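Structure file target-v6.tsv with TSV, C-alpha atoms and all ligand atoms:
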chain	number	residue	atom	x	y	z
A	1	MET	CA	181.69	42.12	60.76
A	2	PRO	CA	184.53	44.63	60.49
A	3	THR	CA	187.34	43.55	62.81
A	4	LYS	CA	189.87	46.30	62.47
A	5	GLU	CA	187.63	49.28	63.08
A	6	LYS	CA	188.52	51.05	66.29
A	7	ILE	CA	186.20	51.22	69.28
A	8	LEU	CA	186.56	54.16	71.66
A	9	PHE	CA	185.33	53.80	75.26
A	10	VAL	CA	184.49	57.11	76.93
A	11	VAL	CA	184.49	56.39	80.66
A	12	ASN	CA	183.05	58.73	83.28
A	13	PRO	CA	185.14	57.82	86.35
A	14	VAL	CA	182.68	59.41	88.79
A	15	ALA	CA	179.44	57.88	87.42
A	16	GLY	CA	177.46	55.54	89.65
A	17	THR	CA	178.94	53.50	92.45
A	18	LYS	CA	180.34	50.49	90.58
A	19	ASN	CA	184.08	49.88	90.83
A	20	LYS	CA	185.76	50.57	87.47
A	21	ASP	CA	189.20	49.18	88.38
A	22	ASP	CA	188.77	46.00	86.32
A	23	PHE	CA	187.21	47.79	83.36
A	24	SER	CA	190.28	47.75	81.10
A	25	SER	CA	190.99	44.06	81.77
A	26	TRP	CA	187.37	43.15	80.92
A	27	VAL	CA	187.65	45.12	77.68
A	28	GLU	CA	190.89	43.33	76.82
A	29	THR	CA	189.26	39.96	77.57
A	30	HIS	CA	186.27	40.52	75.32
A	31	LEU	CA	187.68	42.71	72.55
A	32	GLY	CA	191.38	41.89	72.46
A	33	SER	CA	190.62	38.21	72.00
A	34	LYS	CA	188.46	39.03	68.94
A	35	GLY	CA	191.19	41.15	67.39
A	36	LEU	CA	189.16	44.34	67.85
A	37	VAL	CA	191.15	47.54	68.21
A	38	TYR	CA	190.11	49.82	71.08
A	39	GLU	CA	191.06	52.82	73.15
A	40	ILE	CA	189.85	53.87	76.59
A	41	ARG	CA	189.62	57.55	77.53
A	42	TYR	CA	188.40	59.02	80.81
A	43	THR	CA	186.33	62.18	81.16
A	44	GLU	CA	187.80	64.89	83.35
A	45	ARG	CA	184.81	67.18	83.78
A	46	ARG	CA	181.18	67.79	82.82
A	47	GLY	CA	180.90	68.24	79.04
A	48	HIS	CA	184.28	66.59	78.34
A	49	ALA	CA	182.60	63.54	76.76
A	50	VAL	CA	181.23	65.72	73.93
A	51	GLU	CA	184.79	66.97	73.21
A	52	LEU	CA	186.19	63.42	73.20
A	53	VAL	CA	183.44	62.32	70.82
A	54	ASN	CA	184.12	65.22	68.45
A	55	GLU	CA	187.84	64.33	68.36
A	56	ALA	CA	186.98	60.69	67.71
A	57	LEU	CA	184.63	61.57	64.86
A	58	GLU	CA	187.34	63.72	63.27
A	59	GLN	CA	189.58	60.63	63.39
A	60	LYS	CA	186.75	58.69	61.68
A	61	ILE	CA	186.28	56.34	64.63
A	62	ARG	CA	183.15	54.35	63.84
A	63	TYR	CA	182.18	53.01	67.30
A	64	ILE	CA	182.05	55.09	70.47
A	65	VAL	CA	180.92	53.56	73.75
A	66	ALA	CA	179.57	55.60	76.66
A	67	VAL	CA	180.60	54.09	80.00
A	68	GLY	CA	178.57	55.64	82.81
A	69	GLY	CA	175.02	56.66	83.64
A	70	ASP	CA	172.39	58.39	81.51
A	71	GLY	CA	174.22	61.74	81.94
A	72	THR	CA	177.32	60.32	80.26
A	73	VAL	CA	175.20	58.57	77.61
A	74	ASN	CA	173.44	61.86	76.88
A	75	GLU	CA	176.75	63.73	76.43
A	76	VAL	CA	178.22	61.07	74.14
A	77	ALA	CA	174.99	60.85	72.12
A	78	ARG	CA	174.83	64.64	71.71
A	79	GLY	CA	178.17	64.47	69.90
A	80	MET	CA	177.05	61.56	67.72
A	81	VAL	CA	173.63	62.62	66.46
A	82	ASN	CA	173.39	62.21	62.68
A	83	ALA	CA	177.05	61.09	62.47
A	84	ASP	CA	178.13	57.98	60.61
A	85	ALA	CA	179.07	56.24	63.85
A	86	ALA	CA	177.29	54.01	66.34
A	87	MET	CA	177.10	54.44	70.12
A	88	GLY	CA	177.49	51.58	72.57
A	89	VAL	CA	176.53	51.76	76.25
A	90	ILE	CA	178.15	50.15	79.25
A	91	PRO	CA	175.70	50.90	82.07
A	92	MET	CA	177.48	52.22	85.14
A	93	GLY	CA	175.00	54.76	86.49
A	94	SER	CA	172.22	54.44	89.03
A	95	GLY	CA	169.19	54.54	86.69
A	96	ASN	CA	170.58	53.25	83.36
A	97	GLY	CA	167.35	54.10	81.53
A	98	LEU	CA	168.73	53.82	78.00
A	99	ALA	CA	170.64	50.59	78.59
A	100	ARG	CA	167.56	48.98	80.14
A	101	SER	CA	165.34	50.23	77.31
A	102	LEU	CA	167.68	48.79	74.67
A	103	GLY	CA	168.03	45.45	76.44
A	104	ILE	CA	171.73	45.97	77.11
A	105	PRO	CA	172.92	43.69	79.97
A	106	LEU	CA	173.50	45.46	83.28
A	107	LYS	CA	176.42	43.18	84.11
A	108	ILE	CA	179.51	45.04	82.88
A	109	SER	CA	181.37	42.11	81.35
A	110	ASP	CA	178.19	41.00	79.50
A	111	ALA	CA	177.62	44.54	78.22
A	112	ILE	CA	181.21	44.68	76.90
A	113	ALA	CA	180.69	41.32	75.20
A	114	ARG	CA	177.52	42.73	73.61
A	115	VAL	CA	179.46	45.75	72.27
A	116	SER	CA	181.97	43.39	70.66
A	117	GLU	CA	179.16	41.95	68.48
A	118	LEU	CA	178.81	45.35	66.74
A	119	ASN	CA	175.07	44.96	66.03
A	120	GLU	CA	173.57	48.31	65.04
A	121	ARG	CA	170.09	49.76	65.32
A	122	THR	CA	168.74	53.26	64.71
A	123	ILE	CA	166.74	55.15	67.33
A	124	ASP	CA	164.99	58.52	67.53
A	125	ALA	CA	166.11	61.41	69.69
A	126	GLY	CA	163.84	63.92	71.42
A	127	TYR	CA	164.57	67.61	71.85
A	128	ILE	CA	163.24	69.82	74.62
A	129	ASN	CA	164.01	73.54	74.30
A	130	GLY	CA	166.85	72.58	71.97
A	131	GLU	CA	168.43	69.97	74.27
A	132	MET	CA	168.58	66.35	73.20
A	133	PHE	CA	167.12	63.51	75.27
A	134	LEU	CA	167.00	59.79	74.61
A	135	CYS	CA	164.73	58.47	77.38
A	136	THR	CA	162.41	61.07	78.91
A	137	ALA	CA	162.04	64.82	79.38
A	138	GLY	CA	159.27	67.00	80.72
A	139	VAL	CA	157.72	69.30	83.26
A	140	GLY	CA	155.87	68.76	86.52
A	141	PHE	CA	156.71	66.46	89.41
A	142	ASP	CA	159.57	64.56	87.74
A	143	ALA	CA	161.26	67.84	86.78
A	144	HIS	CA	160.72	69.11	90.33
A	145	ILE	CA	162.44	66.00	91.73
A	146	GLY	CA	165.29	66.51	89.27
A	147	LYS	CA	165.67	69.99	90.75
A	148	CYS	CA	165.58	68.74	94.37
A	149	PHE	CA	168.13	66.02	93.45
A	150	GLU	CA	170.48	68.60	91.94
A	151	PHE	CA	170.64	70.49	95.23
A	152	ALA	CA	170.43	67.48	97.58
A	153	GLU	CA	173.30	65.97	99.51
A	154	GLY	CA	174.29	62.57	98.11
A	155	ARG	CA	173.68	60.92	94.73
A	156	GLY	CA	172.22	57.68	93.48
A	157	LEU	CA	168.87	55.96	93.72
A	158	SER	CA	168.49	56.38	97.50
A	159	THR	CA	168.71	60.18	97.16
A	160	TYR	CA	166.08	60.11	94.39
A	161	VAL	CA	163.73	58.01	96.50
A	162	ARG	CA	164.29	60.21	99.57
A	163	GLU	CA	163.63	63.43	97.62
A	164	GLY	CA	160.62	61.86	95.88
A	165	LEU	CA	158.96	60.79	99.11
A	166	LYS	CA	159.68	64.12	100.81
A	167	GLU	CA	158.15	66.17	97.96
A	168	PHE	CA	155.30	63.86	96.91
A	169	ALA	CA	152.69	64.95	99.49
A	170	LYS	CA	153.58	68.65	99.18
A	171	TYR	CA	153.61	68.92	95.38
A	172	LYS	CA	150.71	70.79	93.77
A	173	PRO	CA	149.65	69.97	90.17
A	174	LEU	CA	150.18	72.81	87.69
A	175	SER	CA	148.21	73.97	84.72
A	176	TYR	CA	149.48	73.52	81.16
A	177	ARG	CA	148.37	74.80	77.77
A	178	ILE	CA	149.32	72.11	75.28
A	179	GLU	CA	149.51	73.00	71.58
A	180	SER	CA	149.96	70.17	69.12
A	181	ASP	CA	148.67	69.18	65.69
A	182	GLY	CA	146.81	72.48	65.30
A	183	LYS	CA	144.88	71.91	68.57
A	184	SER	CA	145.24	73.73	71.85
A	185	VAL	CA	143.98	72.40	75.20
A	186	GLU	CA	144.30	73.50	78.83
A	187	ARG	CA	145.01	70.73	81.36
A	188	GLU	CA	145.92	70.43	85.01
A	189	ALA	CA	148.61	67.80	85.56
A	190	PHE	CA	150.83	66.26	88.19
A	191	ALA	CA	153.41	65.57	85.51
A	192	LEU	CA	153.73	65.99	81.76
A	193	THR	CA	156.39	63.65	80.44
A	194	PHE	CA	157.66	63.10	76.90
A	195	ALA	CA	158.89	59.54	76.54
A	196	ASN	CA	161.12	58.37	73.72
A	197	ALA	CA	161.99	55.22	75.69
A	198	PRO	CA	159.46	53.37	77.88
A	199	GLN	CA	161.15	54.14	81.19
A	200	TYR	CA	162.84	56.82	83.30
A	201	GLY	CA	165.42	54.28	84.47
A	202	ASN	CA	165.38	51.80	87.37
A	203	ASN	CA	162.49	50.02	85.60
A	204	ALA	CA	160.07	52.89	86.30
A	205	TYR	CA	157.90	52.60	83.16
A	206	ILE	CA	156.04	55.83	82.39
A	207	SER	CA	154.95	54.61	78.93
A	208	PRO	CA	155.47	50.83	78.61
A	209	ASN	CA	154.68	50.77	74.89
A	210	ALA	CA	156.93	53.66	73.86
A	211	ASP	CA	158.93	52.70	70.79
A	212	MET	CA	162.32	54.35	70.33
A	213	SER	CA	162.20	53.87	66.56
A	214	ASP	CA	158.65	54.99	65.64
A	215	GLY	CA	159.49	58.60	64.84
A	216	LEU	CA	157.16	59.74	67.65
A	217	LEU	CA	157.28	60.68	71.32
A	218	ASP	CA	154.73	59.44	73.86
A	219	MET	CA	153.24	62.46	75.63
A	220	CYS	CA	152.19	61.17	79.07
A	221	LEU	CA	149.91	63.44	81.07
A	222	VAL	CA	149.36	62.36	84.67
A	223	GLU	CA	146.20	64.02	85.98
A	224	PRO	CA	145.83	65.05	89.63
A	225	PHE	CA	145.02	62.08	91.89
A	226	THR	CA	144.12	61.20	95.47
A	227	MET	CA	146.55	59.59	97.95
A	228	VAL	CA	144.87	56.20	97.51
A	229	GLU	CA	145.19	56.47	93.73
A	230	ALA	CA	148.84	57.42	94.23
A	231	LEU	CA	149.64	54.01	95.68
A	232	VAL	CA	148.10	52.32	92.64
A	233	LEU	CA	149.96	54.64	90.25
A	234	VAL	CA	153.34	53.98	91.88
A	235	THR	CA	152.74	50.22	91.76
A	236	GLU	CA	151.72	50.45	88.11
A	237	LEU	CA	154.79	52.53	87.30
A	238	PHE	CA	157.00	49.58	88.27
A	239	THR	CA	154.77	46.82	86.85
A	240	LYS	CA	154.45	48.27	83.31
A	241	ASN	CA	150.74	49.01	83.80
A	242	ILE	CA	150.57	52.76	84.23
A	243	HIS	CA	149.23	53.26	80.67
A	244	ARG	CA	146.03	51.46	81.74
A	245	ASN	CA	145.33	53.90	84.59
A	246	GLU	CA	142.49	56.35	83.87
A	247	ARG	CA	144.53	59.21	85.40
A	248	VAL	CA	147.19	58.75	82.72
A	249	ARG	CA	146.62	60.03	79.17
A	250	ILE	CA	149.14	58.99	76.56
A	251	THR	CA	149.19	60.42	73.05
A	252	ARG	CA	151.83	60.07	70.35
A	253	VAL	CA	153.26	63.34	69.09
A	254	LYS	CA	155.92	64.71	66.78
A	255	GLU	CA	156.03	68.30	67.95
A	256	VAL	CA	154.42	70.09	70.92
A	257	LYS	CA	154.48	73.52	72.51
A	258	VAL	CA	153.60	73.71	76.21
A	259	LEU	CA	152.86	76.95	78.01
A	260	SER	CA	153.00	76.85	81.78
A	261	PRO	CA	153.77	80.17	83.47
A	262	GLU	CA	153.87	78.45	86.91
A	263	SER	CA	156.63	76.00	85.90
A	264	ASP	CA	160.13	76.96	86.99
A	265	CYS	CA	161.98	73.92	85.68
A	266	PHE	CA	162.03	71.03	83.24
A	267	HIS	CA	164.19	67.93	82.96
A	268	VAL	CA	166.25	66.37	80.22
A	269	ASP	CA	166.83	62.63	80.82
A	270	GLY	CA	166.34	63.34	84.54
A	271	GLU	CA	168.73	66.29	84.67
A	272	TYR	CA	167.31	69.53	86.05
A	273	ARG	CA	167.12	72.66	83.91
A	274	PRO	CA	165.76	76.01	85.08
A	275	LEU	CA	162.87	77.38	83.01
A	276	GLU	CA	162.24	81.04	82.42
A	277	GLY	CA	159.14	82.28	80.61
A	278	GLY	CA	157.15	79.08	81.14
A	279	GLU	CA	157.40	77.80	77.55
A	280	ILE	CA	158.76	74.48	76.41
A	281	ASN	CA	159.02	73.20	72.87
A	282	VAL	CA	159.41	69.49	72.30
A	283	ARG	CA	160.07	67.61	69.08
A	284	VAL	CA	161.37	64.31	67.84
A	285	SER	CA	164.20	63.74	65.41
A	286	GLU	CA	163.50	60.45	63.68
A	287	GLY	CA	166.34	57.92	63.38
A	288	ALA	CA	168.87	60.43	64.72
A	289	LEU	CA	171.23	57.99	66.40
A	290	LYS	CA	172.81	54.63	65.63
A	291	VAL	CA	173.27	52.43	68.69
A	292	LEU	CA	174.99	49.11	69.36
A	293	VAL	CA	172.56	46.63	70.87
B	301	LIG	N1	185.59	63.62	85.70
B	301	LIG	C1	184.40	64.10	86.02
B	301	LIG	N2	184.21	64.75	87.19
B	301	LIG	C2	182.99	65.22	87.55
B	301	LIG	N3	181.85	65.08	86.80
B	301	LIG	C3	181.98	64.44	85.63
B	301	LIG	C4	183.25	63.91	85.18
B	301	LIG	N4	183.06	63.31	83.99
B	301	LIG	C5	181.73	63.45	83.70
B	301	LIG	N5	181.10	64.13	84.68
B	301	LIG	C6	179.65	64.44	84.80
B	301	LIG	O1	179.07	63.51	85.69
B	301	LIG	C7	177.65	63.63	85.55
B	301	LIG	C8	176.94	62.38	86.01
B	301	LIG	O2	177.20	61.34	85.16
B	301	LIG	P1	176.20	60.11	84.95
B	301	LIG	O3	174.80	60.58	84.80
B	301	LIG	O4	176.77	59.30	83.88
B	301	LIG	O5	176.35	59.32	86.31
B	301	LIG	P2	175.33	59.17	87.51
B	301	LIG	O6	174.72	60.50	87.84
B	301	LIG	O7	176.07	58.49	88.59
B	301	LIG	O8	174.29	58.17	86.90
B	301	LIG	P3	172.70	58.30	86.78
B	301	LIG	O9	172.44	59.42	85.79
B	301	LIG	O10	172.27	56.99	86.26
B	301	LIG	O11	172.23	58.62	88.16
B	301	LIG	C9	177.45	63.96	84.08
B	301	LIG	O12	176.62	65.10	84.02
B	301	LIG	C10	178.85	64.24	83.54
B	301	LIG	O13	178.89	65.41	82.77

Representation of the structure as structure tokens:
Amino acid sequence: MPTKEKILFVVNPVAGTKNKDDFSSWVETHLGSKGLVYEIRYTERRGHAVELVNEALEQKIRYIVAVGGDGTVNEVARGMVNADAAMGVIPMGSGNGLARSLGIPLKISDAIARVSELNERTIDAGYINGEMFLCTAGVGFDAHIGKCFEFAEGRGLSTYVREGLKEFAKYKPLSYRIESDGKSVEREAFALTFANAPQYGNNAYISPNADMSDGLLDMCLVEPFTMVEALVLVTELFTKNIHRNERVRITRVKEVKVLSPESDCFHVDGEYRPLEGGEINVRVSEGALKVLV
């Protein structure tokens, strides 16, 4: 194990609700004692993490750790795709989808200790309309909730749940033309999600068997359902059983085009994006990112 290679921590001070005051002393406890060299930098605005990563890569820093939620992880990862450097994650957001999917401890001091082991693994990255995602992306209800969340008052899990419940009964399934592998089909769906990782975050498993290193994305189509079926689906989402539900169709894909003139938005790792023209293009980039696990 290299001991003198520098580790950069990129901390989003506004991510999540956990107190970050003791962060530097935890890092010193776990890394300083092993003789590992580190630096801690704080982001000052949206997009700043990508700039910090680019600077670090120019300085040939080999390990860069995202400290925050999936938004921060996404920004750090965007800078690191296909670079000769590995990304660590200290989960400090509300969903922590990537950290949970990689088995990274949610307790901060344990996650820092895990980083100090410098164990690397390679994972795939997905792209939706040119934007990278590591966990999930898609159109339909989850994208709609991402949009409501963006404009809602408050952050965190409680705001997600509140927006989800408010919109659930009102939301109307949309129609999608799905083109993949030389085939084209028309489907009505409540949601059409592309999963690189098994879950959205918060242990909501949309595709429990999704493998982040198989060079494929799980395309999860949730067909329209009744209110009674909805209760079963929500339970199955949190008990890793949704893939067994007959309303859920999961296929593994490398590249897909989806046409949906009624859709006005999509999401990238839960973050809302407006959609004009109703077309999304999704693909996987195999082994795009090295991560510390
Ligand atoms: N100093 C800053 N001030 C304001 N926003 C920032 C700052 N630094 C980073 N950001 C932005 O904060 C956003 C939210 O970060 P992140 O997703 O990590 O936290 P979260 O929303 O609390 O967690 P989760 O995604 O798990 O709900 C990111 O889009 C990031 O670009």

Margin query: Could you tell me how far CA of Phe9 in chain A sits from CA of Ser33 in chain A, in Å to one decimal place?
Written below: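 Between CA of Ser33 in chain A and CA of Phe9 in chain A the gap is 16.8 Å.
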
Centre and edges of the range 99-107 of chain A box, axis-aligned, 4 Å extra per side, as AutoDock Vina command-line options:
--center_x 170.9 --center_y 46.9 --center_z 79.4 --size_x 19.1 --size_y 15.4 --size_z 17.4

Closest-contact table, chain A side, partner ligand LIG 301 (chain B), 9 Å, counting only C-alpha atoms and all ligand atoms, as a Markdown table:
| residue | atom | partner | partner_atom | distance |
| --- | --- | --- | --- | --- |
| A:Val11 | CA | B:LIG301 | N4 | 7.8 |
| A:Asn12 | CA | B:LIG301 | N4 | 4.6 |
| A:Pro13 | CA | B:LIG301 | N1 | 5.9 |
| A:Val14 | CA | B:LIG301 | C1 | 5.7 |
| A:Ala15 | CA | B:LIG301 | O5 | 3.6 |
| A:Gly16 | CA | B:LIG301 | O7 | 3.4 |
| A:Thr17 | CA | B:LIG301 | O7 | 6.9 |
| A:Tyr42 | CA | B:LIG301 | N1 | 7.3 |
| A:Thr43 | CA | B:LIG301 | N4 | 4.5 |
| A:Glu44 | CA | B:LIG301 | N1 | 3.5 |
| A:Arg45 | CA | B:LIG301 | C1 | 3.8 |
| A:Arg46 | CA | B:LIG301 | O13 | 3.3 |
| A:Gly47 | CA | B:LIG301 | O13 | 5.1 |
| A:His48 | CA | B:LIG301 | N4 | 6.6 |
| A:Ala49 | CA | B:LIG301 | C5 | 7.0 |
| A:Ala66 | CA | B:LIG301 | O4 | 8.6 |
| A:Val67 | CA | B:LIG301 | O4 | 7.5 |
| A:Gly68 | CA | B:LIG301 | O4 | 4.2 |
| A:Gly69 | CA | B:LIG301 | O4 | 3.2 |
| A:Asp70 | CA | B:LIG301 | O9 | 4.4 |
| A:Gly71 | CA | B:LIG301 | O3 | 3.1 |
| A:Thr72 | CA | B:LIG301 | O4 | 3.8 |
| A:Val73 | CA | B:LIG301 | O4 | 6.5 |
| A:Asn74 | CA | B:LIG301 | O3 | 8.1 |
| A:Glu75 | CA | B:LIG301 | O13 | 6.9 |
| A:Pro91 | CA | B:LIG301 | O10 | 8.1 |
| A:Met92 | CA | B:LIG301 | O8 | 7.0 |
| A:Gly93 | CA | B:LIG301 | O8 | 3.5 |
| A:Ser94 | CA | B:LIG301 | O10 | 3.8 |
| A:Gly95 | CA | B:LIG301 | O10 | 4.0 |
| A:Asn96 | CA | B:LIG301 | O10 | 5.0 |
| A:Gly97 | CA | B:LIG301 | O10 | 7.4 |
| A:Arg155 | CA | B:LIG301 | O6 | 7.0 |
| A:Gly156 | CA | B:LIG301 | O11 | 5.4 |
| A:Leu157 | CA | B:LIG301 | O11 | 7.0 |
| A:Tyr160 | CA | B:LIG301 | O11 | 8.9 |
| A:Gly201 | CA | B:LIG301 | O10 | 7.6 |
| A:Asn202 | CA | B:LIG301 | O10 | 8.7 |
| A:Asp269 | CA | B:LIG301 | O9 | 8.2 |
| A:Gly270 | CA | B:LIG301 | O9 | 7.4 |
| A:Glu271 | CA | B:LIG301 | O9 | 7.9 |

Next item on the list: Return the single residue from A:Arg273, A:Lys172, A:Lys240, A:Arg249 that is closest to Asp218 in chain A, with distances computed using all atoms listed in the file.
Entry: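 The closest residue to Asp218 in chain A is A:Arg249.
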
Sorted by chain and rising residue number, which residues of range 54-117 of chain A lie within 9 Å of range 276-288 of chain A, and what are their closest atom pairs and distances in Å to one decimal, counting only C-alpha atoms, as JSON lines?
{"residue": "A:Met80", "atom": "CA", "partner": "A:Ala288", "partner_atom": "CA", "distance": 8.8}
{"residue": "A:Val81", "atom": "CA", "partner": "A:Ala288", "partner_atom": "CA", "distance": 5.5}
{"residue": "A:Asn82", "atom": "CA", "partner": "A:Ala288", "partner_atom": "CA", "distance": 5.3}
{"residue": "A:Ala83", "atom": "CA", "partner": "A:Ala288", "partner_atom": "CA", "distance": 8.5}

Note to self: Report, in Å to a single decimal, how far apart CA of Val234 in chain A and CA of Leu259 in chain A are.
What the structure shows: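 Between these atoms lies a distance of 26.8 Å.
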
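Of note, CA of Asp124 in chain A and CA of Ile178 in chain A are spaced 22.1 Å apart.
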
Next item on the list: Find the residues around Val253 in chain A up to 7 Å (only C-alpha atoms counted), leave out those fewer than 4 positions away in its own chain, and share them as a VMD selection string.
Entry: chain A and resid 216 to 219

Check: For Ile7 in chain A, which residue among A:Ile206, A:Leu275, A:Leu292, A:Val248 is the nearest when counting all atoms listed in the file?
Finding: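 That would be A:Leu292, the residue with the smallest distance to Ile7 in chain A.
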
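Here the selection is built from all atoms listed in the file, and the residues within 9 Å of (172.5, 44.7, 65.9) turn out to be Glu117, Leu118, Asn119, Glu120, Arg121, Val291, Leu292 and Val293 of chain A.
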
Checklist line | Residue nearest Ser109 in chain A among A:Met227, A:Ile90, A:Met132, A:Val139 (counting all atoms listed in the file) | finding: A:Ile90

Margin query: Applying 9 Å and all atoms listed in the file, which residues near Lys147 in chain A remain after dropping the ones on its own chain fewer than 6 positions away? List them as a list in words.
Written below: Cys265, Phe266, His267, Glu271, Tyr272, Arg273 and Pro274 of chain A

Note to self: Just checking: using only C-alpha atoms, which residue out of A:Leu233, A:Gly164, A:Val258, A:Ala143 ends up closest to Ser184 in chain A?
What the structure shows: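 For Ser184 in chain A, the nearest of the given residues is A:Val258.
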
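The neighbours of Arg244 in chain A here are the residues that come within 10 Å of it, using only C-alpha atoms and leaving out any residue fewer than 6 positions away in the same chain; they are Ser207, Pro208, Leu233, Glu236 and Ile250 of chain A.
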
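With all atoms listed in the file as the basis for measurement, A:Glu167 is the residue among A:Asp21, A:Asp181, A:Glu167, A:Glu229 that approaches Gly140 in chain A most closely.
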
Please, can range 255-273 of chain A be completed to N, CA and C atoms and returned as an mmCIF file, in the frame of the given file?
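What follows is the written file out_19.cif:
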data_model
loop_
_atom_site.group_PDB
_atom_site.id
_atom_site.type_symbol
_atom_site.label_atom_id
_atom_site.label_comp_id
_atom_site.auth_asym_id
_atom_site.auth_seq_id
_atom_site.Cartn_x
_atom_site.Cartn_y
_atom_site.Cartn_z
ATOM 1 N N GLU A 255 155.585 66.963 67.561
ATOM 2 C CA GLU A 255 156.030 68.300 67.950
ATOM 3 C C GLU A 255 154.969 68.934 68.852
ATOM 4 N N VAL A 256 155.371 69.506 69.958
ATOM 5 C CA VAL A 256 154.420 70.090 70.920
ATOM 6 C C VAL A 256 154.991 71.364 71.515
ATOM 7 N N LYS A 257 154.092 72.337 71.723
ATOM 8 C CA LYS A 257 154.480 73.520 72.510
ATOM 9 C C LYS A 257 153.662 73.481 73.795
ATOM 10 N N VAL A 258 154.307 73.700 74.920
ATOM 11 C CA VAL A 258 153.600 73.710 76.210
ATOM 12 C C VAL A 258 153.845 75.053 76.877
ATOM 13 N N LEU A 259 152.738 75.672 77.293
ATOM 14 C CA LEU A 259 152.860 76.950 78.010
ATOM 15 C C LEU A 259 152.426 76.727 79.445
ATOM 16 N N SER A 260 153.295 77.071 80.372
ATOM 17 C CA SER A 260 153.000 76.850 81.780
ATOM 18 C C SER A 260 153.733 77.899 82.615
ATOM 19 N N PRO A 261 153.090 79.070 82.770
ATOM 20 C CA PRO A 261 153.770 80.170 83.470
ATOM 21 C C PRO A 261 154.199 79.808 84.890
ATOM 22 N N GLU A 262 153.504 78.809 85.514
ATOM 23 C CA GLU A 262 153.870 78.450 86.910
ATOM 24 C C GLU A 262 155.109 77.555 86.979
ATOM 25 N N SER A 263 155.492 76.940 85.860
ATOM 26 C CA SER A 263 156.630 76.000 85.900
ATOM 27 C C SER A 263 157.951 76.753 85.980
ATOM 28 N N ASP A 264 158.825 76.309 86.881
ATOM 29 C CA ASP A 264 160.130 76.960 86.990
ATOM 30 C C ASP A 264 161.275 76.038 86.560
ATOM 31 N N CYS A 265 160.910 74.818 86.110
ATOM 32 C CA CYS A 265 161.980 73.920 85.680
ATOM 33 C C CYS A 265 161.445 72.842 84.742
ATOM 34 N N PHE A 266 162.367 72.218 84.014
ATOM 35 C CA PHE A 266 162.030 71.030 83.240
ATOM 36 C C PHE A 266 163.192 70.055 83.410
ATOM 37 N N HIS A 267 163.044 68.850 82.884
ATOM 38 C CA HIS A 267 164.190 67.930 82.960
ATOM 39 C C HIS A 267 164.501 67.337 81.609
ATOM 40 N N VAL A 268 165.756 66.982 81.443
ATOM 41 C CA VAL A 268 166.250 66.370 80.220
ATOM 42 C C VAL A 268 166.920 65.066 80.657
ATOM 43 N N ASP A 269 166.317 63.920 80.343
ATOM 44 C CA ASP A 269 166.830 62.630 80.820
ATOM 45 C C ASP A 269 167.116 62.674 82.331
ATOM 46 N N GLY A 270 166.219 63.306 83.077
ATOM 47 C CA GLY A 270 166.340 63.340 84.540
ATOM 48 C C GLY A 270 167.187 64.465 85.085
ATOM 49 N N GLU A 271 167.871 65.200 84.200
ATOM 50 C CA GLU A 271 168.730 66.290 84.670
ATOM 51 C C GLU A 271 167.949 67.602 84.701
ATOM 52 N N TYR A 272 168.037 68.273 85.832
ATOM 53 C CA TYR A 272 167.310 69.530 86.050
ATOM 54 C C TYR A 272 167.779 70.658 85.135
ATOM 55 N N ARG A 273 166.810 71.417 84.633
ATOM 56 C CA ARG A 273 167.120 72.660 83.910
ATOM 57 C C ARG A 273 166.162 73.734 84.405
#
